file structure.txt (compact mmCIF, N, CA and C atoms)
# COMPACT_ATOMS: atom_id res chain seq x y z
N MET S 25 54.19 -30.80 42.67
CA MET S 25 53.94 -31.48 41.43
C MET S 25 55.15 -32.27 40.98
N ALA S 26 56.33 -31.73 41.24
CA ALA S 26 57.56 -32.44 40.85
C ALA S 26 57.64 -33.79 41.54
N ASP S 27 57.26 -33.85 42.81
CA ASP S 27 57.26 -35.13 43.53
C ASP S 27 56.29 -36.11 42.86
N LEU S 28 55.12 -35.65 42.46
CA LEU S 28 54.14 -36.50 41.82
C LEU S 28 54.65 -37.02 40.47
N VAL S 29 55.21 -36.14 39.66
CA VAL S 29 55.72 -36.54 38.35
C VAL S 29 56.78 -37.62 38.48
N ARG S 30 57.65 -37.50 39.45
CA ARG S 30 58.68 -38.53 39.67
C ARG S 30 58.05 -39.86 40.05
N GLU S 31 56.98 -39.84 40.84
CA GLU S 31 56.32 -41.06 41.28
C GLU S 31 55.50 -41.72 40.17
N LEU S 32 55.02 -40.95 39.20
CA LEU S 32 54.23 -41.53 38.12
C LEU S 32 55.04 -42.54 37.31
N GLY S 33 56.31 -42.25 37.11
CA GLY S 33 57.18 -43.18 36.44
C GLY S 33 56.90 -43.37 34.96
N LEU S 34 56.27 -42.41 34.32
CA LEU S 34 56.04 -42.47 32.88
C LEU S 34 56.23 -41.08 32.30
N PRO S 35 56.53 -41.03 31.00
CA PRO S 35 56.77 -39.71 30.40
C PRO S 35 55.49 -38.87 30.39
N VAL S 36 55.61 -37.64 30.81
CA VAL S 36 54.47 -36.71 30.83
C VAL S 36 54.92 -35.36 30.27
N GLU S 37 53.95 -34.62 29.79
CA GLU S 37 54.18 -33.23 29.42
C GLU S 37 53.50 -32.38 30.48
N VAL S 38 54.11 -31.28 30.82
CA VAL S 38 53.58 -30.42 31.87
C VAL S 38 53.32 -29.03 31.30
N ASP S 39 52.16 -28.49 31.63
CA ASP S 39 51.82 -27.11 31.29
C ASP S 39 51.20 -26.51 32.54
N PHE S 40 51.17 -25.21 32.60
CA PHE S 40 50.66 -24.53 33.78
C PHE S 40 49.57 -23.55 33.42
N VAL S 41 48.55 -23.49 34.26
CA VAL S 41 47.51 -22.48 34.18
C VAL S 41 47.52 -21.80 35.54
N LYS S 42 47.57 -20.49 35.54
CA LYS S 42 47.53 -19.76 36.80
C LYS S 42 46.20 -19.03 36.90
N LEU S 43 45.45 -19.37 37.95
CA LEU S 43 44.17 -18.75 38.22
C LEU S 43 44.24 -18.03 39.56
N SER S 44 43.38 -17.06 39.75
CA SER S 44 43.38 -16.34 41.02
C SER S 44 41.95 -16.05 41.46
N SER S 45 41.70 -16.25 42.74
CA SER S 45 40.43 -15.83 43.32
C SER S 45 40.62 -15.26 44.72
N TYR S 46 41.85 -15.20 45.19
CA TYR S 46 42.11 -14.73 46.55
C TYR S 46 42.68 -13.33 46.62
N GLY S 47 43.54 -12.95 45.68
CA GLY S 47 44.22 -11.67 45.81
C GLY S 47 45.09 -11.70 47.04
N ALA S 48 45.03 -10.66 47.86
CA ALA S 48 45.87 -10.59 49.06
C ALA S 48 45.16 -11.08 50.31
N GLY S 49 43.90 -11.49 50.19
CA GLY S 49 43.14 -11.90 51.37
C GLY S 49 43.29 -13.38 51.69
N THR S 50 42.62 -13.80 52.75
CA THR S 50 42.63 -15.21 53.13
C THR S 50 41.29 -15.87 52.81
N ARG S 51 40.38 -15.14 52.22
CA ARG S 51 39.09 -15.68 51.78
C ARG S 51 38.93 -15.39 50.29
N THR S 52 38.33 -16.35 49.58
CA THR S 52 38.13 -16.18 48.15
C THR S 52 37.20 -15.01 47.85
N SER S 53 37.47 -14.35 46.75
CA SER S 53 36.58 -13.28 46.30
C SER S 53 35.35 -13.85 45.62
N GLY S 54 35.44 -15.14 45.23
CA GLY S 54 34.35 -15.78 44.51
C GLY S 54 34.42 -15.57 43.02
N LYS S 55 35.33 -14.71 42.58
CA LYS S 55 35.49 -14.43 41.15
C LYS S 55 36.84 -14.97 40.71
N VAL S 56 36.81 -15.91 39.76
CA VAL S 56 38.04 -16.54 39.28
C VAL S 56 38.49 -15.84 38.01
N LYS S 57 39.78 -15.57 37.93
CA LYS S 57 40.31 -14.98 36.71
C LYS S 57 41.53 -15.78 36.25
N VAL S 58 41.71 -15.84 34.93
CA VAL S 58 42.87 -16.50 34.34
C VAL S 58 44.01 -15.51 34.34
N VAL S 59 45.07 -15.83 35.08
CA VAL S 59 46.26 -14.98 35.12
C VAL S 59 47.23 -15.41 34.03
N HIS S 60 47.32 -16.72 33.81
CA HIS S 60 48.22 -17.30 32.80
C HIS S 60 47.51 -18.51 32.21
N GLY S 61 47.19 -18.46 30.91
CA GLY S 61 46.42 -19.53 30.28
C GLY S 61 47.26 -20.70 29.80
N LEU S 62 46.57 -21.73 29.38
CA LEU S 62 47.19 -22.94 28.85
C LEU S 62 47.90 -22.63 27.54
N LYS S 63 49.11 -23.17 27.38
CA LYS S 63 49.87 -22.95 26.15
C LYS S 63 49.82 -24.15 25.21
N SER S 64 49.74 -25.36 25.76
CA SER S 64 49.76 -26.58 24.96
C SER S 64 48.35 -26.99 24.53
N PRO S 65 48.19 -27.50 23.31
CA PRO S 65 46.88 -28.01 22.91
C PRO S 65 46.60 -29.33 23.64
N ILE S 66 45.36 -29.51 24.09
CA ILE S 66 45.02 -30.74 24.83
C ILE S 66 43.91 -31.52 24.14
N LYS S 67 43.44 -31.09 23.00
CA LYS S 67 42.36 -31.78 22.30
C LYS S 67 42.76 -33.23 22.06
N GLY S 68 41.89 -34.15 22.50
CA GLY S 68 42.12 -35.57 22.30
C GLY S 68 43.16 -36.20 23.21
N ARG S 69 43.63 -35.46 24.18
CA ARG S 69 44.68 -35.97 25.07
C ARG S 69 44.11 -36.25 26.45
N ASP S 70 44.78 -37.14 27.18
CA ASP S 70 44.42 -37.41 28.57
C ASP S 70 45.08 -36.35 29.44
N VAL S 71 44.28 -35.68 30.26
CA VAL S 71 44.76 -34.56 31.07
C VAL S 71 44.53 -34.84 32.55
N LEU S 72 45.56 -34.63 33.34
CA LEU S 72 45.46 -34.71 34.79
C LEU S 72 45.73 -33.32 35.35
N ILE S 73 44.74 -32.78 36.02
CA ILE S 73 44.91 -31.49 36.70
C ILE S 73 45.55 -31.80 38.04
N VAL S 74 46.65 -31.13 38.34
CA VAL S 74 47.31 -31.28 39.63
C VAL S 74 47.10 -29.97 40.38
N GLU S 75 46.29 -30.05 41.42
CA GLU S 75 45.90 -28.88 42.20
C GLU S 75 46.52 -28.96 43.57
N ASP S 76 46.96 -27.84 44.10
CA ASP S 76 47.52 -27.85 45.44
C ASP S 76 46.44 -28.06 46.48
N ILE S 77 45.36 -27.26 46.41
CA ILE S 77 44.30 -27.36 47.41
C ILE S 77 42.95 -27.07 46.78
N VAL S 78 41.96 -27.85 47.18
CA VAL S 78 40.58 -27.57 46.80
C VAL S 78 39.90 -27.04 48.05
N ASP S 79 39.50 -25.77 47.97
CA ASP S 79 38.89 -25.09 49.11
C ASP S 79 37.39 -24.95 48.83
N THR S 80 36.97 -23.85 48.25
CA THR S 80 35.55 -23.67 47.93
C THR S 80 35.13 -24.52 46.75
N GLY S 81 36.09 -24.89 45.91
CA GLY S 81 35.78 -25.62 44.69
C GLY S 81 35.50 -24.71 43.51
N LEU S 82 35.35 -23.41 43.75
CA LEU S 82 35.03 -22.48 42.67
C LEU S 82 36.14 -22.41 41.63
N THR S 83 37.38 -22.33 42.07
CA THR S 83 38.50 -22.22 41.13
C THR S 83 38.65 -23.50 40.33
N VAL S 84 38.62 -24.64 40.98
CA VAL S 84 38.81 -25.90 40.26
C VAL S 84 37.62 -26.17 39.34
N SER S 85 36.43 -25.79 39.72
CA SER S 85 35.26 -25.94 38.87
C SER S 85 35.42 -25.08 37.61
N PHE S 86 35.90 -23.85 37.80
CA PHE S 86 36.18 -22.96 36.68
C PHE S 86 37.23 -23.59 35.76
N LEU S 87 38.30 -24.14 36.36
CA LEU S 87 39.37 -24.76 35.59
C LEU S 87 38.87 -25.97 34.81
N MET S 88 38.06 -26.80 35.43
CA MET S 88 37.51 -27.97 34.74
C MET S 88 36.71 -27.54 33.50
N SER S 89 35.89 -26.52 33.62
CA SER S 89 35.12 -26.02 32.48
C SER S 89 36.04 -25.45 31.41
N TYR S 90 37.02 -24.67 31.84
CA TYR S 90 38.01 -24.07 30.93
C TYR S 90 38.70 -25.16 30.11
N LEU S 91 39.10 -26.25 30.76
CA LEU S 91 39.80 -27.32 30.07
C LEU S 91 38.85 -28.21 29.26
N GLN S 92 37.64 -28.47 29.76
CA GLN S 92 36.67 -29.27 29.00
C GLN S 92 36.35 -28.62 27.66
N ASN S 93 36.34 -27.31 27.62
CA ASN S 93 36.07 -26.59 26.37
C ASN S 93 37.16 -26.82 25.33
N LYS S 94 38.30 -27.32 25.76
CA LYS S 94 39.41 -27.60 24.84
C LYS S 94 39.39 -29.06 24.37
N LYS S 95 38.34 -29.80 24.71
CA LYS S 95 38.06 -31.15 24.23
C LYS S 95 39.14 -32.20 24.50
N PRO S 96 39.57 -32.37 25.75
CA PRO S 96 40.52 -33.46 26.03
C PRO S 96 39.83 -34.82 25.92
N ALA S 97 40.61 -35.88 25.71
CA ALA S 97 40.05 -37.24 25.69
C ALA S 97 39.51 -37.60 27.07
N SER S 98 40.25 -37.23 28.11
CA SER S 98 39.81 -37.45 29.48
C SER S 98 40.36 -36.32 30.34
N LEU S 99 39.69 -36.10 31.46
CA LEU S 99 40.10 -35.03 32.37
C LEU S 99 39.89 -35.53 33.80
N LYS S 100 40.97 -35.62 34.56
CA LYS S 100 40.93 -36.08 35.95
C LYS S 100 41.53 -35.00 36.85
N LEU S 101 41.13 -35.02 38.11
CA LEU S 101 41.60 -34.05 39.08
C LEU S 101 42.34 -34.74 40.21
N CYS S 102 43.55 -34.26 40.49
CA CYS S 102 44.37 -34.73 41.60
C CYS S 102 44.62 -33.52 42.50
N ALA S 103 44.37 -33.65 43.79
CA ALA S 103 44.60 -32.55 44.73
C ALA S 103 45.43 -33.05 45.90
N LEU S 104 46.46 -32.30 46.23
CA LEU S 104 47.26 -32.62 47.40
C LEU S 104 46.41 -32.51 48.66
N VAL S 105 45.64 -31.42 48.76
CA VAL S 105 44.85 -31.14 49.96
C VAL S 105 43.41 -30.82 49.56
N ASP S 106 42.48 -31.36 50.30
CA ASP S 106 41.06 -31.05 50.11
C ASP S 106 40.51 -30.51 51.42
N LYS S 107 39.70 -29.46 51.31
CA LYS S 107 39.05 -28.86 52.48
C LYS S 107 37.53 -28.95 52.25
N PRO S 108 36.97 -30.16 52.38
CA PRO S 108 35.56 -30.37 52.02
C PRO S 108 34.56 -29.52 52.79
N SER S 109 34.89 -29.09 53.99
CA SER S 109 33.96 -28.27 54.77
C SER S 109 33.71 -26.91 54.12
N GLN S 110 34.56 -26.51 53.19
CA GLN S 110 34.43 -25.21 52.55
C GLN S 110 33.88 -25.27 51.13
N HIS S 111 33.62 -26.47 50.59
CA HIS S 111 33.10 -26.57 49.23
C HIS S 111 31.81 -25.79 49.08
N LYS S 112 31.77 -24.92 48.08
CA LYS S 112 30.55 -24.16 47.76
C LYS S 112 29.87 -24.73 46.51
N VAL S 113 30.62 -25.50 45.73
CA VAL S 113 30.09 -26.18 44.55
C VAL S 113 30.54 -27.63 44.61
N PRO S 114 29.78 -28.54 44.00
CA PRO S 114 30.19 -29.95 44.01
C PRO S 114 31.51 -30.13 43.25
N VAL S 115 32.41 -30.90 43.82
CA VAL S 115 33.71 -31.16 43.21
C VAL S 115 34.00 -32.66 43.31
N THR S 116 34.38 -33.26 42.19
CA THR S 116 34.80 -34.65 42.20
C THR S 116 36.31 -34.67 42.06
N ILE S 117 36.98 -35.11 43.12
CA ILE S 117 38.44 -35.20 43.09
C ILE S 117 38.78 -36.68 42.90
N ASP S 118 39.45 -36.97 41.80
CA ASP S 118 39.76 -38.36 41.48
C ASP S 118 40.86 -38.92 42.37
N TYR S 119 41.81 -38.08 42.75
CA TYR S 119 42.94 -38.50 43.58
C TYR S 119 43.19 -37.42 44.62
N VAL S 120 43.10 -37.78 45.92
CA VAL S 120 43.28 -36.81 47.01
C VAL S 120 44.44 -37.26 47.89
N GLY S 121 45.35 -36.30 48.20
CA GLY S 121 46.42 -36.60 49.15
C GLY S 121 45.85 -36.75 50.55
N PHE S 122 45.24 -35.69 51.06
CA PHE S 122 44.59 -35.74 52.38
C PHE S 122 43.65 -34.56 52.55
N THR S 123 42.78 -34.66 53.55
CA THR S 123 41.84 -33.58 53.84
C THR S 123 42.35 -32.79 55.04
N VAL S 124 41.94 -31.53 55.11
CA VAL S 124 42.33 -30.66 56.22
C VAL S 124 41.08 -29.98 56.77
N PRO S 125 41.16 -29.55 58.03
CA PRO S 125 40.03 -28.82 58.62
C PRO S 125 39.93 -27.41 58.04
N ASP S 126 38.95 -26.68 58.49
CA ASP S 126 38.70 -25.32 57.99
C ASP S 126 39.71 -24.34 58.59
N LYS S 127 40.94 -24.44 58.12
CA LYS S 127 42.03 -23.54 58.51
C LYS S 127 42.72 -23.07 57.24
N PHE S 128 43.38 -21.92 57.27
CA PHE S 128 44.11 -21.42 56.11
C PHE S 128 45.50 -22.03 56.13
N VAL S 129 45.79 -22.88 55.13
CA VAL S 129 47.06 -23.60 55.11
C VAL S 129 47.99 -23.05 54.02
N VAL S 130 49.29 -23.17 54.29
CA VAL S 130 50.33 -22.75 53.35
C VAL S 130 51.47 -23.76 53.42
N GLY S 131 52.37 -23.66 52.47
CA GLY S 131 53.57 -24.50 52.46
C GLY S 131 53.46 -25.64 51.47
N TYR S 132 54.59 -26.25 51.18
CA TYR S 132 54.70 -27.36 50.24
C TYR S 132 54.01 -27.02 48.91
N GLY S 133 54.23 -25.80 48.45
CA GLY S 133 53.67 -25.33 47.18
C GLY S 133 52.42 -24.49 47.32
N ILE S 134 51.77 -24.52 48.47
CA ILE S 134 50.54 -23.74 48.68
C ILE S 134 50.95 -22.37 49.21
N ASP S 135 50.43 -21.32 48.54
CA ASP S 135 50.86 -19.97 48.93
C ASP S 135 49.72 -19.16 49.53
N TRP S 136 50.10 -18.04 50.09
CA TRP S 136 49.18 -16.98 50.49
C TRP S 136 49.77 -15.70 49.94
N ASN S 137 49.12 -15.15 48.92
CA ASN S 137 49.60 -13.93 48.28
C ASN S 137 51.06 -14.09 47.83
N GLU S 138 51.36 -15.27 47.24
CA GLU S 138 52.69 -15.62 46.72
C GLU S 138 53.75 -15.81 47.81
N LYS S 139 53.34 -15.95 49.06
CA LYS S 139 54.29 -16.17 50.15
C LYS S 139 54.08 -17.56 50.75
N PHE S 140 55.10 -18.07 51.37
CA PHE S 140 55.10 -19.33 52.14
C PHE S 140 55.06 -20.61 51.29
N ARG S 141 55.06 -20.48 49.98
CA ARG S 141 55.03 -21.64 49.09
C ARG S 141 56.24 -22.54 49.32
N HIS S 142 57.36 -21.94 49.71
CA HIS S 142 58.65 -22.65 49.86
C HIS S 142 58.74 -23.54 51.10
N LEU S 143 57.83 -23.39 52.04
CA LEU S 143 57.91 -24.17 53.28
C LEU S 143 57.86 -25.67 52.97
N ARG S 144 58.65 -26.45 53.67
CA ARG S 144 58.72 -27.89 53.42
C ARG S 144 57.52 -28.65 53.96
N ASP S 145 56.78 -28.04 54.87
CA ASP S 145 55.61 -28.67 55.48
C ASP S 145 54.37 -27.85 55.14
N ILE S 146 53.21 -28.45 55.36
CA ILE S 146 51.96 -27.70 55.25
C ILE S 146 51.66 -27.15 56.64
N CYS S 147 51.48 -25.84 56.70
CA CYS S 147 51.32 -25.14 57.98
C CYS S 147 50.01 -24.35 57.98
N ILE S 148 49.55 -24.01 59.17
CA ILE S 148 48.32 -23.22 59.35
C ILE S 148 48.70 -21.77 59.63
N ILE S 149 48.04 -20.84 58.92
CA ILE S 149 48.18 -19.40 59.20
C ILE S 149 47.16 -19.06 60.27
N GLU S 150 47.61 -18.48 61.36
CA GLU S 150 46.67 -18.09 62.43
C GLU S 150 46.66 -16.60 62.59
call {"tool": "encode", "arguments": {"input": "structure.txt", "output": "structure tokens"}}
result
Amino acid sequence: MADLVRELGLPVEVDFVKLSSYGAGTRTSGKVKVVHGLKSPIKGRDVLIVEDIVDTGLTVSFLMSYLQNKKPASLKLCALVDKPSQHKVPVTIDYVGFTVPDKFVVGYGIDWNEKFRHLRDICIIE
């Protein structure tokens, strides 16, 4: 996200929402929970969700509903990585970095059970 903010070239405010649906596994549980909620009010504001990866779409769909309920002026989704072969719900991604095959990826901010986020590249867990 830091790389994206630098490239935008305009002042932005950043807030974080932490959601979980994986736990310690490599497959989603299908149940999304809010681990850390939004702190800043977004009513009437333009909001860009910056997501590391869209896999099943369940988490991002949950997040979109969570944020829509807070009445932003606009809501867009940006994802570094999309895995369309795994979508279980329809997802509209306004800005996509690139798509990946049906493999479990980590690195460049994407974690597995809070590990491997620090890797400089996006790698496949085998």
call {"tool": "closest_residue", "arguments": {"input": "structure.txt", "among": "S:Asp70, S:Asp76, S:Glu37, S:Asp145", "to": "Pro96 (chain S)", "atoms": "only N, CA and C atoms"}}
result
S:Asp70
call {"tool": "closest_residue", "arguments": {"input": "structure.txt", "among": "S:Ser89, S:Val59, S:Val74, S:Cys147", "to": "Phe128 (chain S)", "atoms": "all atoms listed in the file"}}
result
S:Cys147
call {"tool": "closest_residue", "arguments": {"input": "structure.txt", "among": "S:Lys100, S:His60, S:Arg30, S:Lys95", "to": "Ser44 (chain S)", "atoms": "all atoms listed in the file"}}
result
S:His60
call {"tool": "select_by_dssp", "arguments": {"input": "structure.txt", "residues": "chain S", "states": "helix (DSSP H, G or I)", "output": "list of chain:residue names"}}
result
S:Ala26, S:Asp27, S:Leu28, S:Val29, S:Arg30, S:Glu31, S:Leu32, S:Leu82, S:Thr83, S:Val84, S:Ser85, S:Phe86, S:Leu87, S:Met88, S:Ser89, S:Tyr90, S:Leu91, S:Gln92, S:Pro108, S:Ser109, S:Gln110
call {"tool": "write_last_selection", "arguments": {"input": "structure.txt", "atoms": "N, CA and C atoms", "output": "PDB file, keeping the file's coordinate frame"}}
result
ATOM      1  N   ALA S  26      56.330 -31.730  41.240  1.00  0.00           N
ATOM      2  CA  ALA S  26      57.560 -32.440  40.850  1.00  0.00           C
ATOM      3  C   ALA S  26      57.640 -33.790  41.540  1.00  0.00           C
ATOM      4  N   ASP S  27      57.260 -33.850  42.810  1.00  0.00           N
ATOM      5  CA  ASP S  27      57.260 -35.130  43.530  1.00  0.00           C
ATOM      6  C   ASP S  27      56.290 -36.110  42.860  1.00  0.00           C
ATOM      7  N   LEU S  28      55.120 -35.650  42.460  1.00  0.00           N
ATOM      8  CA  LEU S  28      54.140 -36.500  41.820  1.00  0.00           C
ATOM      9  C   LEU S  28      54.650 -37.020  40.470  1.00  0.00           C
ATOM     10  N   VAL S  29      55.210 -36.140  39.660  1.00  0.00           N
ATOM     11  CA  VAL S  29      55.720 -36.540  38.350  1.00  0.00           C
ATOM     12  C   VAL S  29      56.780 -37.620  38.480  1.00  0.00           C
ATOM     13  N   ARG S  30      57.650 -37.500  39.450  1.00  0.00           N
ATOM     14  CA  ARG S  30      58.680 -38.530  39.670  1.00  0.00           C
ATOM     15  C   ARG S  30      58.050 -39.860  40.050  1.00  0.00           C
ATOM     16  N   GLU S  31      56.980 -39.840  40.840  1.00  0.00           N
ATOM     17  CA  GLU S  31      56.320 -41.060  41.280  1.00  0.00           C
ATOM     18  C   GLU S  31      55.500 -41.720  40.170  1.00  0.00           C
ATOM     19  N   LEU S  32      55.020 -40.950  39.200  1.00  0.00           N
ATOM     20  CA  LEU S  32      54.230 -41.530  38.120  1.00  0.00           C
ATOM     21  C   LEU S  32      55.040 -42.540  37.310  1.00  0.00           C
ATOM     22  N   LEU S  82      35.350 -23.410  43.750  1.00  0.00           N
ATOM     23  CA  LEU S  82      35.030 -22.480  42.670  1.00  0.00           C
ATOM     24  C   LEU S  82      36.140 -22.410  41.630  1.00  0.00           C
ATOM     25  N   THR S  83      37.380 -22.330  42.070  1.00  0.00           N
ATOM     26  CA  THR S  83      38.500 -22.220  41.130  1.00  0.00           C
ATOM     27  C   THR S  83      38.650 -23.500  40.330  1.00  0.00           C
ATOM     28  N   VAL S  84      38.620 -24.640  40.980  1.00  0.00           N
ATOM     29  CA  VAL S  84      38.810 -25.900  40.260  1.00  0.00           C
ATOM     30  C   VAL S  84      37.620 -26.170  39.340  1.00  0.00           C
ATOM     31  N   SER S  85      36.430 -25.790  39.720  1.00  0.00           N
ATOM     32  CA  SER S  85      35.260 -25.940  38.870  1.00  0.00           C
ATOM     33  C   SER S  85      35.420 -25.080  37.610  1.00  0.00           C
ATOM     34  N   PHE S  86      35.900 -23.850  37.800  1.00  0.00           N
ATOM     35  CA  PHE S  86      36.180 -22.960  36.680  1.00  0.00           C
ATOM     36  C   PHE S  86      37.230 -23.590  35.760  1.00  0.00           C
ATOM     37  N   LEU S  87      38.300 -24.140  36.360  1.00  0.00           N
ATOM     38  CA  LEU S  87      39.370 -24.760  35.590  1.00  0.00           C
ATOM     39  C   LEU S  87      38.870 -25.970  34.810  1.00  0.00           C
ATOM     40  N   MET S  88      38.060 -26.800  35.430  1.00  0.00           N
ATOM     41  CA  MET S  88      37.510 -27.970  34.740  1.00  0.00           C
ATOM     42  C   MET S  88      36.710 -27.540  33.500  1.00  0.00           C
ATOM     43  N   SER S  89      35.890 -26.520  33.620  1.00  0.00           N
ATOM     44  CA  SER S  89      35.120 -26.020  32.480  1.00  0.00           C
ATOM     45  C   SER S  89      36.040 -25.450  31.410  1.00  0.00           C
ATOM     46  N   TYR S  90      37.020 -24.670  31.840  1.00  0.00           N
ATOM     47  CA  TYR S  90      38.010 -24.070  30.930  1.00  0.00           C
ATOM     48  C   TYR S  90      38.700 -25.160  30.110  1.00  0.00           C
ATOM     49  N   LEU S  91      39.100 -26.250  30.760  1.00  0.00           N
ATOM     50  CA  LEU S  91      39.800 -27.320  30.070  1.00  0.00           C
ATOM     51  C   LEU S  91      38.850 -28.210  29.260  1.00  0.00           C
ATOM     52  N   GLN S  92      37.640 -28.470  29.760  1.00  0.00           N
ATOM     53  CA  GLN S  92      36.670 -29.270  29.000  1.00  0.00           C
ATOM     54  C   GLN S  92      36.350 -28.620  27.660  1.00  0.00           C
ATOM     55  N   PRO S 108      36.970 -30.160  52.380  1.00  0.00           N
ATOM     56  CA  PRO S 108      35.560 -30.370  52.020  1.00  0.00           C
ATOM     57  C   PRO S 108      34.560 -29.520  52.790  1.00  0.00           C
ATOM     58  N   SER S 109      34.890 -29.090  53.990  1.00  0.00           N
ATOM     59  CA  SER S 109      33.960 -28.270  54.770  1.00  0.00           C
ATOM     60  C   SER S 109      33.710 -26.910  54.120  1.00  0.00           C
ATOM     61  N   GLN S 110      34.560 -26.510  53.190  1.00  0.00           N
ATOM     62  CA  GLN S 110      34.430 -25.210  52.550  1.00  0.00           C
ATOM     63  C   GLN S 110      33.880 -25.270  51.130  1.00  0.00           C
TER      64      GLN S 110
END
call {"tool": "closest_residue", "arguments": {"input": "structure.txt", "among": "S:Lys127, S:His111, S:Val56, S:Asp135", "to": "Thr83 (chain S)", "atoms": "only N, CA and C atoms"}}
result
S:Val56
call {"tool": "closest_residue", "arguments": {"input": "structure.txt", "among": "S:Lys94, S:Lys139, S:Lys57, S:Arg144", "to": "Lys42 (chain S)", "atoms": "only C-alpha atoms"}}
result
S:Lys57
call {"tool": "atom_distance", "arguments": {"input": "structure.txt", "atom1": "atom N of Ser64 (chain S)", "atom2": "CA of Phe140 (chain S)"}}
result
27.6 Å
call {"tool": "residues_around", "arguments": {"input": "structure.txt", "residues": "Ala97 (chain S)", "least_positions_apart": "2", "cutoff": "10 Å", "atoms": "only C-alpha atoms", "output": "NGL selection string"}}
result
:S and (66-71 or 92 or 94-95 or 99)
call {"tool": "atom_distance", "arguments": {"input": "structure.txt", "atom1": "CA of Val29 (chain S)", "atom2": "CA of Thr116 (chain S)"}}
result
21.4 Å
call {"tool": "select_by_dssp", "arguments": {"input": "structure.txt", "residues": "chain S", "states": "strand (DSSP E or B)", "output": "count of residues only"}}
result
40
call {"tool": "atom_distance", "arguments": {"input": "structure.txt", "atom1": "CA of Val58 (chain S)", "atom2": "CA of Asn137 (chain S)"}}
result
15.7 Å
call {"tool": "closest_residue", "arguments": {"input": "structure.txt", "among": "S:Leu62, S:Val38, S:Val113, S:Val130", "to": "Ser85 (chain S)", "atoms": "all atoms listed in the file"}}
result
S:Val113
call {"tool": "axis_aligned_box", "arguments": {"input": "structure.txt", "around": "region 124-142 of chain S", "padding_each_side": "3 Å", "output": "JSON"}}
result
{"center_x": 48.7, "center_y": -22.7, "center_z": 52.7, "size_x": 26.0, "size_y": 23.6, "size_z": 17.9}
